[in-house]
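The file start15.cif comes next; it holds mmCIF, C-alpha atoms.
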```
data_work
loop_
_atom_site.group_PDB
_atom_site.id
_atom_site.type_symbol
_atom_site.label_atom_id
_atom_site.label_comp_id
_atom_site.auth_asym_id
_atom_site.auth_seq_id
_atom_site.Cartn_x
_atom_site.Cartn_y
_atom_site.Cartn_z
ATOM 1 C CA MET G 356 100.782 77.466 134.706
ATOM 2 C CA THR G 357 102.661 80.698 134.816
ATOM 3 C CA GLN G 358 105.973 80.939 133.046
ATOM 4 C CA ASP G 359 108.431 83.699 132.491
ATOM 5 C CA LEU G 360 108.376 85.505 129.149
ATOM 6 C CA ASP G 361 112.143 85.016 128.849
ATOM 7 C CA ALA G 362 111.768 81.279 129.407
ATOM 8 C CA PHE G 363 109.023 81.086 126.788
ATOM 9 C CA VAL G 364 111.124 82.884 124.175
ATOM 10 C CA HIS G 365 114.284 80.950 124.986
ATOM 11 C CA ALA G 366 112.417 77.678 124.539
ATOM 12 C CA ALA G 367 111.529 78.833 121.030
ATOM 13 C CA LEU G 368 115.081 79.542 119.953
ATOM 14 C CA THR G 369 117.369 77.347 117.909
ATOM 15 C CA PRO G 370 120.477 76.297 119.840
ATOM 16 C CA GLY G 371 123.091 79.011 120.065
ATOM 17 C CA LYS G 372 125.753 76.693 118.720
ATOM 18 C CA ILE G 373 127.083 76.546 115.206
ATOM 19 C CA ALA G 374 128.991 73.473 114.085
ATOM 20 C CA PRO G 375 132.617 74.367 113.268
ATOM 21 C CA ARG G 376 132.250 72.564 109.964
ATOM 22 C CA ARG G 377 129.386 74.884 108.989
ATOM 23 C CA LEU G 378 131.464 77.940 109.801
ATOM 24 C CA ASP G 379 134.408 76.529 107.845
ATOM 25 C CA ALA G 380 132.143 75.946 104.874
ATOM 26 C CA LEU G 381 130.814 79.487 105.079
ATOM 27 C CA ILE G 382 134.298 80.973 105.233
ATOM 28 C CA GLY G 383 135.340 78.879 102.241
ATOM 29 C CA ALA G 384 132.265 79.916 100.282
ATOM 30 C CA THR G 385 132.836 83.574 101.110
ATOM 31 C CA LEU G 386 136.454 83.402 99.953
ATOM 32 C CA ALA G 387 135.314 81.723 96.737
ATOM 33 C CA ARG G 388 132.858 84.558 96.163
ATOM 34 C CA LEU G 389 135.630 87.056 96.738
ATOM 35 C CA ASP G 390 137.579 85.358 93.986
ATOM 36 C CA ARG G 391 134.636 85.439 91.630
ATOM 37 C CA ARG G 392 133.804 89.046 92.166
ATOM 38 C CA GLN G 393 136.493 90.769 90.211
ATOM 39 C CA GLU G 394 135.745 94.169 91.600
ATOM 40 C CA VAL G 395 135.929 92.889 95.147
ATOM 41 C CA ALA G 396 138.896 90.652 94.481
ATOM 42 C CA MET G 397 141.043 93.538 93.356
ATOM 43 C CA GLY G 398 139.215 95.997 95.582
ATOM 44 C CA PRO G 399 141.149 96.656 98.764
ATOM 45 C CA ALA G 400 144.619 95.951 97.390
ATOM 46 C CA PHE G 401 143.964 97.878 94.208
ATOM 47 C CA ARG G 402 142.421 100.836 95.979
ATOM 48 C CA ALA G 403 145.186 100.858 98.559
ATOM 49 C CA ALA G 404 147.769 100.920 95.770
ATOM 50 C CA CYS G 405 145.902 103.725 94.020
ATOM 51 C CA ALA G 406 145.669 105.743 97.194
ATOM 52 C CA ARG G 407 149.357 105.241 97.793
ATOM 53 C CA PHE G 408 150.742 105.903 94.334
ATOM 54 C CA ALA G 409 148.163 108.048 92.546
ATOM 55 C CA LEU G 410 149.120 111.320 94.242
ATOM 56 C CA PRO G 411 152.905 110.976 93.745
ATOM 57 C CA MET G 412 152.381 109.975 90.126
ATOM 58 C CA ALA G 413 150.049 112.901 89.467
ATOM 59 C CA ALA G 414 152.505 115.291 91.144
ATOM 60 C CA ALA G 415 155.392 113.936 89.059
ATOM 61 C CA ALA G 416 153.380 114.315 85.873
ATOM 62 C CA ALA G 417 152.460 117.916 86.711
ATOM 63 C CA LEU G 418 156.064 118.743 87.578
ATOM 64 C CA GLY G 419 157.230 117.255 84.287
ATOM 65 C CA LEU G 420 154.705 119.362 82.419
ATOM 66 C CA VAL G 421 155.832 122.575 84.103
ATOM 67 C CA VAL G 422 159.531 121.850 83.617
ATOM 68 C CA GLY G 423 159.018 120.777 80.028
ATOM 69 C CA THR G 424 156.926 123.819 79.174
ATOM 70 C CA TYR G 425 158.538 126.703 81.020
ATOM 71 C CA VAL G 426 161.891 125.736 82.471
ATOM 72 C CA ALA G 427 163.647 123.676 79.830
ATOM 73 C CA PRO G 428 161.731 123.800 76.601
ATOM 74 C CA ASN G 429 163.306 121.846 73.772
ATOM 75 C CA PRO G 430 164.550 123.883 70.800
ATOM 76 C CA PRO G 431 162.481 123.376 67.681
ATOM 77 C CA ALA G 432 163.588 120.259 65.930
ATOM 78 C CA GLU G 433 165.940 120.956 63.030
ATOM 79 C CA GLN G 434 164.165 120.549 59.774
ATOM 80 C CA VAL G 435 166.103 118.256 57.526
ATOM 81 C CA GLY G 436 165.028 118.759 53.975
ATOM 82 C CA LEU G 437 165.165 116.076 51.382
ATOM 83 C CA LEU G 438 167.577 118.146 49.275
ATOM 84 C CA ALA G 439 169.993 118.661 52.161
ATOM 85 C CA LEU G 440 169.840 114.978 52.958
ATOM 86 C CA SER G 441 170.538 113.936 49.393
ATOM 87 C CA SER G 442 173.382 116.438 49.013
ATOM 88 C CA SER G 443 175.062 115.322 52.204
ATOM 89 C CA THR G 444 174.721 111.730 51.067
ATOM 90 C CA ALA G 445 176.312 112.648 47.767
ATOM 91 C CA MET G 446 179.215 114.408 49.503
ATOM 92 C CA THR G 447 180.039 111.473 51.701
ATOM 93 C CA GLY G 448 179.685 109.025 48.883
ATOM 94 C CA PHE G 449 176.863 106.990 50.461
ATOM 95 C CA MET L 1199 136.887 71.820 117.039
ATOM 96 C CA SER L 1200 137.052 71.044 113.353
ATOM 97 C CA GLN L 1201 139.865 69.073 111.825
ATOM 98 C CA GLY L 1202 142.108 71.227 109.696
ATOM 99 C CA GLY L 1203 139.476 73.839 109.017
ATOM 100 C CA VAL L 1204 140.093 77.526 108.741
ATOM 101 C CA THR L 1205 138.623 78.056 112.179
ATOM 102 C CA ASP L 1206 141.603 76.212 113.606
ATOM 103 C CA ALA L 1207 143.747 79.283 113.031
ATOM 104 C CA ALA L 1208 145.262 80.489 116.268
ATOM 105 C CA ASP L 1209 143.357 83.607 117.177
ATOM 106 C CA GLY L 1210 146.202 85.149 119.097
ATOM 107 C CA ASP L 1211 146.074 88.635 120.455
ATOM 108 C CA ILE L 1212 145.620 90.409 117.169
ATOM 109 C CA GLY L 1213 142.821 92.926 117.494
ATOM 110 C CA ASP L 1214 140.002 93.424 115.036
ATOM 111 C CA ASP L 1215 141.451 96.743 113.925
ATOM 112 C CA ASP L 1216 144.777 95.109 113.066
ATOM 113 C CA LEU L 1217 142.986 92.409 111.097
ATOM 114 C CA LEU L 1218 141.003 95.069 109.258
ATOM 115 C CA ARG L 1219 144.238 96.834 108.341
ATOM 116 C CA GLY L 1220 145.459 93.541 106.913
ATOM 117 C CA ILE L 1221 142.216 93.051 105.004
ATOM 118 C CA ALA L 1222 142.550 96.557 103.584
ATOM 119 C CA GLY L 1223 145.849 95.410 102.105
ATOM 120 C CA GLY L 1224 144.212 92.328 100.595
ATOM 121 C CA ASP L 1225 145.279 89.855 103.322
ATOM 122 C CA ARG L 1226 142.927 86.884 102.956
ATOM 123 C CA ARG L 1227 144.329 85.190 106.045
ATOM 124 C CA ALA L 1228 143.323 88.198 108.145
ATOM 125 C CA PHE L 1229 139.873 87.991 106.578
ATOM 126 C CA GLN L 1230 139.592 84.307 107.509
ATOM 127 C CA ARG L 1231 140.603 85.018 111.083
ATOM 128 C CA LEU L 1232 138.116 87.844 111.459
ATOM 129 C CA MET L 1233 135.349 85.684 110.068
ATOM 130 C CA ALA L 1234 136.317 82.767 112.303
ATOM 131 C CA ARG L 1235 136.223 85.105 115.290
ATOM 132 C CA HIS L 1236 132.819 86.697 114.674
ATOM 133 C CA GLY L 1237 131.103 84.364 112.237
ATOM 134 C CA LYS L 1238 129.408 82.046 114.727
ATOM 135 C CA ALA L 1239 127.771 84.815 116.748
ATOM 136 C CA MET L 1240 126.513 86.428 113.559
ATOM 137 C CA MET L 1241 125.136 83.139 112.248
ATOM 138 C CA VAL L 1242 123.246 82.552 115.497
ATOM 139 C CA LEU L 1243 121.753 86.050 115.402
ATOM 140 C CA ALA L 1244 120.779 85.778 111.740
ATOM 141 C CA GLU L 1245 119.360 82.260 112.043
ATOM 142 C CA ARG L 1246 117.259 83.091 115.064
ATOM 143 C CA THR L 1247 116.016 86.328 113.522
ATOM 144 C CA THR L 1248 115.151 84.907 110.102
ATOM 145 C CA GLY L 1249 114.258 81.400 111.255
ATOM 146 C CA SER L 1250 116.288 79.933 108.409
ATOM 147 C CA ALA L 1251 119.815 78.509 108.411
ATOM 148 C CA ASP L 1252 120.152 79.079 104.665
ATOM 149 C CA ASP L 1253 119.114 82.721 104.955
ATOM 150 C CA ALA L 1254 121.483 83.148 107.877
ATOM 151 C CA ASP L 1255 124.459 81.804 105.932
ATOM 152 C CA GLU L 1256 123.662 84.028 102.974
ATOM 153 C CA LEU L 1257 123.247 87.154 105.106
ATOM 154 C CA VAL L 1258 126.432 86.568 107.077
ATOM 155 C CA GLN L 1259 128.324 85.976 103.861
ATOM 156 C CA GLU L 1260 127.016 89.262 102.460
ATOM 157 C CA ALA L 1261 127.995 91.053 105.661
ATOM 158 C CA PHE L 1262 131.559 89.800 105.467
ATOM 159 C CA LEU L 1263 131.819 90.669 101.783
ATOM 160 C CA LYS L 1264 130.873 94.161 102.921
ATOM 161 C CA VAL L 1265 133.669 93.976 105.484
ATOM 162 C CA TRP L 1266 136.144 93.202 102.695
ATOM 163 C CA THR L 1267 135.089 96.219 100.650
ATOM 164 C CA MET L 1268 134.840 98.673 103.550
ATOM 165 C CA ALA L 1269 138.080 97.659 105.255
ATOM 166 C CA PRO L 1270 140.213 100.354 103.538
ATOM 167 C CA ARG L 1271 137.836 102.994 104.877
ATOM 168 C CA TRP L 1272 137.701 101.644 108.431
ATOM 169 C CA THR L 1273 139.073 104.158 110.926
ATOM 170 C CA PRO L 1274 139.871 102.691 114.337
ATOM 171 C CA ASP L 1275 139.208 105.754 116.431
ATOM 172 C CA GLY L 1276 138.038 103.848 119.474
ATOM 173 C CA ALA L 1277 134.551 105.294 119.267
ATOM 174 C CA ALA L 1278 133.152 102.454 117.205
ATOM 175 C CA GLN L 1279 134.020 98.815 117.758
ATOM 176 C CA PHE L 1280 134.067 96.553 114.756
ATOM 177 C CA SER L 1281 131.813 93.964 116.430
ATOM 178 C CA THR L 1282 129.237 96.674 117.185
ATOM 179 C CA TRP L 1283 129.193 97.680 113.537
ATOM 180 C CA LEU L 1284 128.940 94.057 112.421
ATOM 181 C CA TYR L 1285 126.043 93.293 114.769
ATOM 182 C CA ARG L 1286 124.218 96.300 113.356
ATOM 183 C CA VAL L 1287 124.766 95.189 109.743
ATOM 184 C CA VAL L 1288 123.688 91.586 110.361
ATOM 185 C CA LEU L 1289 120.725 92.566 112.541
ATOM 186 C CA ASN L 1290 119.353 95.059 110.003
ATOM 187 C CA ALA L 1291 119.809 92.637 107.123
ATOM 188 C CA SER L 1292 118.141 89.828 109.084
ATOM 189 C CA LEU L 1293 115.164 91.928 110.154
ATOM 190 C CA ASP L 1294 114.819 93.189 106.604
ATOM 191 C CA ARG L 1295 114.845 89.627 105.268
ATOM 192 C CA ARG L 1296 112.293 88.624 107.889
ATOM 193 C CA ARG L 1297 110.026 91.550 106.949
ATOM 194 C CA ARG L 1298 109.992 90.581 103.288
ATOM 195 C CA ARG L 1299 108.898 87.046 104.000
ATOM 196 C CA PRO L 1300 105.245 86.629 104.928
ATOM 197 C CA VAL L 1301 104.562 85.091 108.303
ATOM 198 C CA LEU L 1302 102.992 81.719 107.620
ATOM 199 C CA PRO L 1303 99.990 80.599 109.625
ATOM 200 C CA LEU L 1304 100.751 77.890 112.152
ATOM 201 C CA GLU L 1305 98.778 75.345 110.135
ATOM 202 C CA ALA L 1306 101.260 75.754 107.284
ATOM 203 C CA ALA L 1307 103.986 74.238 109.426
ATOM 204 C CA GLY L 1308 102.344 70.845 109.106
ATOM 205 C CA ASP L 1309 102.546 67.940 111.495
ATOM 206 C CA PRO L 1310 105.756 67.089 113.299
ATOM 207 C CA ALA L 1311 107.767 64.293 111.750
ATOM 208 C CA ASP L 1312 107.343 60.969 113.469
ATOM 209 C CA GLY L 1313 110.045 58.596 114.501
ATOM 210 C CA ARG L 1314 112.879 61.054 114.854
ATOM 211 C CA PRO L 1315 114.416 61.431 118.283
ATOM 212 C CA GLY L 1316 113.513 64.857 119.572
ATOM 213 C CA GLY L 1317 111.426 65.532 116.504
ATOM 214 C CA LEU L 1318 108.430 66.610 118.520
ATOM 215 C CA ASP L 1319 110.509 68.959 120.647
ATOM 216 C CA LEU L 1320 112.021 70.478 117.511
ATOM 217 C CA ALA L 1321 108.608 70.920 115.961
ATOM 218 C CA MET L 1322 107.274 72.556 119.110
ATOM 219 C CA ALA L 1323 110.274 74.860 119.290
ATOM 220 C CA GLY L 1324 109.777 75.727 115.639
ATOM 221 C CA GLN L 1325 106.129 76.482 116.244
ATOM 222 C CA ARG L 1326 106.958 78.641 119.243
ATOM 223 C CA HIS L 1327 109.584 80.435 117.176
ATOM 224 C CA ARG L 1328 107.011 81.279 114.530
ATOM 225 C CA VAL L 1329 104.654 82.587 117.204
ATOM 226 C CA VAL L 1330 107.394 84.728 118.749
ATOM 227 C CA VAL L 1331 108.499 86.127 115.384
ATOM 228 C CA ALA L 1332 104.905 86.852 114.372
ATOM 229 C CA ALA L 1333 104.309 88.627 117.681
ATOM 230 C CA MET L 1334 107.531 90.615 117.294
ATOM 231 C CA ALA L 1335 106.374 91.729 113.859
ATOM 232 C CA GLU L 1336 103.654 93.756 115.603
ATOM 233 C CA LEU L 1337 106.181 95.798 117.571
ATOM 234 C CA SER L 1338 107.943 98.970 116.500
ATOM 235 C CA ALA L 1339 111.193 98.597 114.564
ATOM 236 C CA ARG L 1340 113.223 99.855 117.507
ATOM 237 C CA GLN L 1341 111.576 97.406 119.904
ATOM 238 C CA ARG L 1342 112.208 94.556 117.444
ATOM 239 C CA GLU L 1343 115.880 95.494 117.239
ATOM 240 C CA ALA L 1344 116.237 95.608 121.003
ATOM 241 C CA LEU L 1345 114.506 92.263 121.525
ATOM 242 C CA SER L 1346 116.496 90.603 118.748
ATOM 243 C CA LEU L 1347 119.758 91.676 120.333
ATOM 244 C CA HIS L 1348 118.546 90.648 123.780
ATOM 245 C CA TYR L 1349 116.997 87.270 122.950
ATOM 246 C CA PHE L 1350 118.582 86.174 119.676
ATOM 247 C CA ALA L 1351 122.118 87.512 120.043
ATOM 248 C CA GLU L 1352 122.055 87.191 123.842
ATOM 249 C CA LEU L 1353 123.839 90.511 124.215
ATOM 250 C CA SER L 1354 124.022 92.188 127.592
ATOM 251 C CA ALA L 1355 122.234 95.513 128.017
ATOM 252 C CA PRO L 1356 125.476 97.548 127.702
ATOM 253 C CA GLU L 1357 126.425 95.658 124.531
ATOM 254 C CA ALA L 1358 122.964 96.133 123.058
ATOM 255 C CA ALA L 1359 123.134 99.819 123.980
ATOM 256 C CA ARG L 1360 126.290 100.210 121.893
ATOM 257 C CA VAL L 1361 124.731 98.471 118.886
ATOM 258 C CA LEU L 1362 121.562 100.530 119.187
ATOM 259 C CA ASP L 1363 123.584 103.686 119.795
ATOM 260 C CA LEU L 1364 121.587 104.460 122.936
ATOM 261 C CA SER L 1365 122.449 105.111 126.544
ATOM 262 C CA LEU L 1366 122.241 102.170 128.909
ATOM 263 C CA SER L 1367 119.203 103.554 130.706
ATOM 264 C CA ALA L 1368 117.415 104.251 127.430
ATOM 265 C CA THR L 1369 118.167 100.709 126.264
ATOM 266 C CA GLU L 1370 116.856 99.186 129.471
ATOM 267 C CA ALA L 1371 113.683 101.256 129.207
ATOM 268 C CA LEU L 1372 113.278 100.256 125.557
ATOM 269 C CA LEU L 1373 113.738 96.591 126.450
ATOM 270 C CA PHE L 1374 111.154 96.813 129.224
ATOM 271 C CA ARG L 1375 108.584 98.389 126.914
ATOM 272 C CA ALA L 1376 109.424 95.890 124.166
ATOM 273 C CA LYS L 1377 108.947 92.906 126.473
ATOM 274 C CA ARG L 1378 105.635 94.267 127.674
ATOM 275 C CA ALA L 1379 104.478 94.773 124.094
ATOM 276 C CA LEU L 1380 105.708 91.305 123.128
ATOM 277 C CA LYS L 1381 103.797 89.733 125.979
ATOM 278 C CA ALA L 1382 100.620 91.542 124.925
ATOM 279 C CA ALA L 1383 101.125 90.396 121.327
ATOM 280 C CA LEU L 1384 101.657 86.809 122.476
ATOM 281 C CA VAL L 1385 98.510 86.912 124.585
ATOM 282 C CA ARG L 1386 96.572 88.126 121.544
ATOM 283 C CA ARG L 1387 97.879 85.047 119.764
ATOM 284 C CA GLY L 1388 96.572 82.733 122.396
ATOM 285 C CA VAL L 1389 99.651 82.283 124.556
ATOM 286 C CA THR L 1390 98.543 82.347 128.153
ATOM 287 C CA GLY L 1391 100.122 81.990 131.531
ATOM 288 C CA LEU L 1392 103.031 84.349 130.934
ATOM 289 C CA GLY L 1393 104.037 85.954 134.188
ATOM 290 C CA ASP L 1394 104.718 89.607 134.779
ATOM 291 C CA VAL L 1395 107.377 91.216 132.647
ATOM 292 C CA THR L 1396 110.367 92.129 134.729
#
```
Whole structure given in structure tokens:
Amino acid sequence: MTQDLDAFVHAALTPGKIAPRRLDALIGATLARLDRRQEVAMGPAFRAACARFALPMAAAAALGLVVGTYVAPNPPAEQVGLLALSSSTAMTGF
Amino acid sequence: MSQGGVTDAADGDIGDDDLLRGIAGGDRRAFQRLMARHGKAMMVLAERTTGSADDADELVQEAFLKVWTMAPRWTPDGAAQFSTWLYRVVLNASLDRRRRRPVLPLEAAGDPADGRPGGLDLAMAGQRHRVVVAAMAELSARQREALSLHYFAELSAPEAARVLDLSLSATEALLFRAKRALKAALVRRGVTGLGDVT
């Protein structure tokens, strides 16, 4: 008997239907694995947040460094000696 | 339709690219919807390619975990459809899994179980499946991919062409050569009476 190659192969295949319950179970299991995998769980949201905020934060930090160094440097902090402190305390009576 | 399962979610008109944008932002609901939309087709492809429901579930799960991690990098430029990419991932993983497992001789399948309705038909289908997979193992990788998409995923030639990244004419020619080679491999395994490949 002659039969078509396609017919022969198709007769060998499992049905092309998947029970909805099996798909539901697979989706549930996949979500559970997402929860377990810490790197994956925080992956997209974390990376998206990094991509969104990392550049502005780095730019702000660099700007602060430039301003702090060259534009508005703080005067050297006044050295308060122990003697001056004790004498001022004596003068005010405390 | 399942009762209260995640696949009950209304699919709506939201495109894959929109769902992927949601997934990139950590939206689990979007992930569920994408999986509900494409999961069944991927499970069928993987199960038919590997011959194992357990392997299929594992491979599809891995593929969707990959979707979760690659979603932030997905660029919907119209040139690549998500489903095309997903078919490629699942097909390659399934063929790879199949390659690693030795093809068992037919005798290893044992006798069909008695007393079950349709048990003999199932056993015969299983035996045929093993013969087909063993014959496909003799073909080139490209021919195996084309036949898997054609027979196992039941994709049309234009759809298979997109997954294989070939022109339609090249895909049709590849399929023709693959079917001819498959027939020859089946004949070598004792399958007779197969008509001409069209």
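CA of Arg1297 in chain L lies 22.1 Å from CA of Leu1353 in chain L.
Atom to atom, CA of Ser1292 in chain L and CA of Thr1248 in chain L stand 5.8 Å apart.
Shown here are all protein and nucleic acid residues lying within 12 Å of (122.9, 98.1, 110.2), with all atoms listed in the file considered: Ala1261, Lys1264, Ser1281, Thr1282, Trp1283, Leu1284, Tyr1285, Arg1286, Val1287, Val1288, Leu1289, Asn1290, Ala1291, Ser1292, Leu1293, Asp1294, Glu1343, Val1361, Leu1362 and Asp1363 of chain L.
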message = Using the chain letters and numbers from this file, what does the PyMOL selection byres ((chain L) within 9 of (chain G)) select? Give the answer as a ChimeraX atom specification.
response = /L:1199-1201,1203-1205,1221-1226,1229-1230,1233-1234,1237-1239,1241-1243,1245-1246,1249,1255-1256,1258-1260,1262-1263,1266-1270,1320,1322-1330,1349-1351,1377,1380-1381,1390-1396
File dump, residues just selected, C-alpha atoms, as an mmCIF file, in the coordinates of the input:
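So out.cif came out as:
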```cif
data_model
loop_
_atom_site.group_PDB
_atom_site.id
_atom_site.type_symbol
_atom_site.label_atom_id
_atom_site.label_comp_id
_atom_site.auth_asym_id
_atom_site.auth_seq_id
_atom_site.Cartn_x
_atom_site.Cartn_y
_atom_site.Cartn_z
ATOM 1 C CA MET L 1199 136.887 71.820 117.039
ATOM 2 C CA SER L 1200 137.052 71.044 113.353
ATOM 3 C CA GLN L 1201 139.865 69.073 111.825
ATOM 4 C CA GLY L 1203 139.476 73.839 109.017
ATOM 5 C CA VAL L 1204 140.093 77.526 108.741
ATOM 6 C CA THR L 1205 138.623 78.056 112.179
ATOM 7 C CA ILE L 1221 142.216 93.051 105.004
ATOM 8 C CA ALA L 1222 142.550 96.557 103.584
ATOM 9 C CA GLY L 1223 145.849 95.410 102.105
ATOM 10 C CA GLY L 1224 144.212 92.328 100.595
ATOM 11 C CA ASP L 1225 145.279 89.855 103.322
ATOM 12 C CA ARG L 1226 142.927 86.884 102.956
ATOM 13 C CA PHE L 1229 139.873 87.991 106.578
ATOM 14 C CA GLN L 1230 139.592 84.307 107.509
ATOM 15 C CA MET L 1233 135.349 85.684 110.068
ATOM 16 C CA ALA L 1234 136.317 82.767 112.303
ATOM 17 C CA GLY L 1237 131.103 84.364 112.237
ATOM 18 C CA LYS L 1238 129.408 82.046 114.727
ATOM 19 C CA ALA L 1239 127.771 84.815 116.748
ATOM 20 C CA MET L 1241 125.136 83.139 112.248
ATOM 21 C CA VAL L 1242 123.246 82.552 115.497
ATOM 22 C CA LEU L 1243 121.753 86.050 115.402
ATOM 23 C CA GLU L 1245 119.360 82.260 112.043
ATOM 24 C CA ARG L 1246 117.259 83.091 115.064
ATOM 25 C CA GLY L 1249 114.258 81.400 111.255
ATOM 26 C CA ASP L 1255 124.459 81.804 105.932
ATOM 27 C CA GLU L 1256 123.662 84.028 102.974
ATOM 28 C CA VAL L 1258 126.432 86.568 107.077
ATOM 29 C CA GLN L 1259 128.324 85.976 103.861
ATOM 30 C CA GLU L 1260 127.016 89.262 102.460
ATOM 31 C CA PHE L 1262 131.559 89.800 105.467
ATOM 32 C CA LEU L 1263 131.819 90.669 101.783
ATOM 33 C CA TRP L 1266 136.144 93.202 102.695
ATOM 34 C CA THR L 1267 135.089 96.219 100.650
ATOM 35 C CA MET L 1268 134.840 98.673 103.550
ATOM 36 C CA ALA L 1269 138.080 97.659 105.255
ATOM 37 C CA PRO L 1270 140.213 100.354 103.538
ATOM 38 C CA LEU L 1320 112.021 70.478 117.511
ATOM 39 C CA MET L 1322 107.274 72.556 119.110
ATOM 40 C CA ALA L 1323 110.274 74.860 119.290
ATOM 41 C CA GLY L 1324 109.777 75.727 115.639
ATOM 42 C CA GLN L 1325 106.129 76.482 116.244
ATOM 43 C CA ARG L 1326 106.958 78.641 119.243
ATOM 44 C CA HIS L 1327 109.584 80.435 117.176
ATOM 45 C CA ARG L 1328 107.011 81.279 114.530
ATOM 46 C CA VAL L 1329 104.654 82.587 117.204
ATOM 47 C CA VAL L 1330 107.394 84.728 118.749
ATOM 48 C CA TYR L 1349 116.997 87.270 122.950
ATOM 49 C CA PHE L 1350 118.582 86.174 119.676
ATOM 50 C CA ALA L 1351 122.118 87.512 120.043
ATOM 51 C CA LYS L 1377 108.947 92.906 126.473
ATOM 52 C CA LEU L 1380 105.708 91.305 123.128
ATOM 53 C CA LYS L 1381 103.797 89.733 125.979
ATOM 54 C CA THR L 1390 98.543 82.347 128.153
ATOM 55 C CA GLY L 1391 100.122 81.990 131.531
ATOM 56 C CA LEU L 1392 103.031 84.349 130.934
ATOM 57 C CA GLY L 1393 104.037 85.954 134.188
ATOM 58 C CA ASP L 1394 104.718 89.607 134.779
ATOM 59 C CA VAL L 1395 107.377 91.216 132.647
ATOM 60 C CA THR L 1396 110.367 92.129 134.729
#
```
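Here CA of Leu1373 in chain L and CA of Leu1257 in chain L stand 25.2 Å from one another.
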key: Selection result for the PyMOL selection byres ((chain L and resi 1336) around 12) on this file, as number ranges by chain   = L: 1297, 1301, 1329-1335, 1337-1342, 1376, 1379-1384, 1386-1387
Resulting file, chosen residues, C-alpha atoms, as a tab-separated table (two decimals), in the frame of the given file:
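Saved as result-v3.tsv:
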```
chain	number	residue	atom	x	y	z
L	1297	ARG	CA	110.03	91.55	106.95
L	1301	VAL	CA	104.56	85.09	108.30
L	1329	VAL	CA	104.65	82.59	117.20
L	1330	VAL	CA	107.39	84.73	118.75
L	1331	VAL	CA	108.50	86.13	115.38
L	1332	ALA	CA	104.90	86.85	114.37
L	1333	ALA	CA	104.31	88.63	117.68
L	1334	MET	CA	107.53	90.62	117.29
L	1335	ALA	CA	106.37	91.73	113.86
L	1337	LEU	CA	106.18	95.80	117.57
L	1338	SER	CA	107.94	98.97	116.50
L	1339	ALA	CA	111.19	98.60	114.56
L	1340	ARG	CA	113.22	99.86	117.51
L	1341	GLN	CA	111.58	97.41	119.90
L	1342	ARG	CA	112.21	94.56	117.44
L	1376	ALA	CA	109.42	95.89	124.17
L	1379	ALA	CA	104.48	94.77	124.09
L	1380	LEU	CA	105.71	91.30	123.13
L	1381	LYS	CA	103.80	89.73	125.98
L	1382	ALA	CA	100.62	91.54	124.92
L	1383	ALA	CA	101.12	90.40	121.33
L	1384	LEU	CA	101.66	86.81	122.48
L	1386	ARG	CA	96.57	88.13	121.54
L	1387	ARG	CA	97.88	85.05	119.76
```
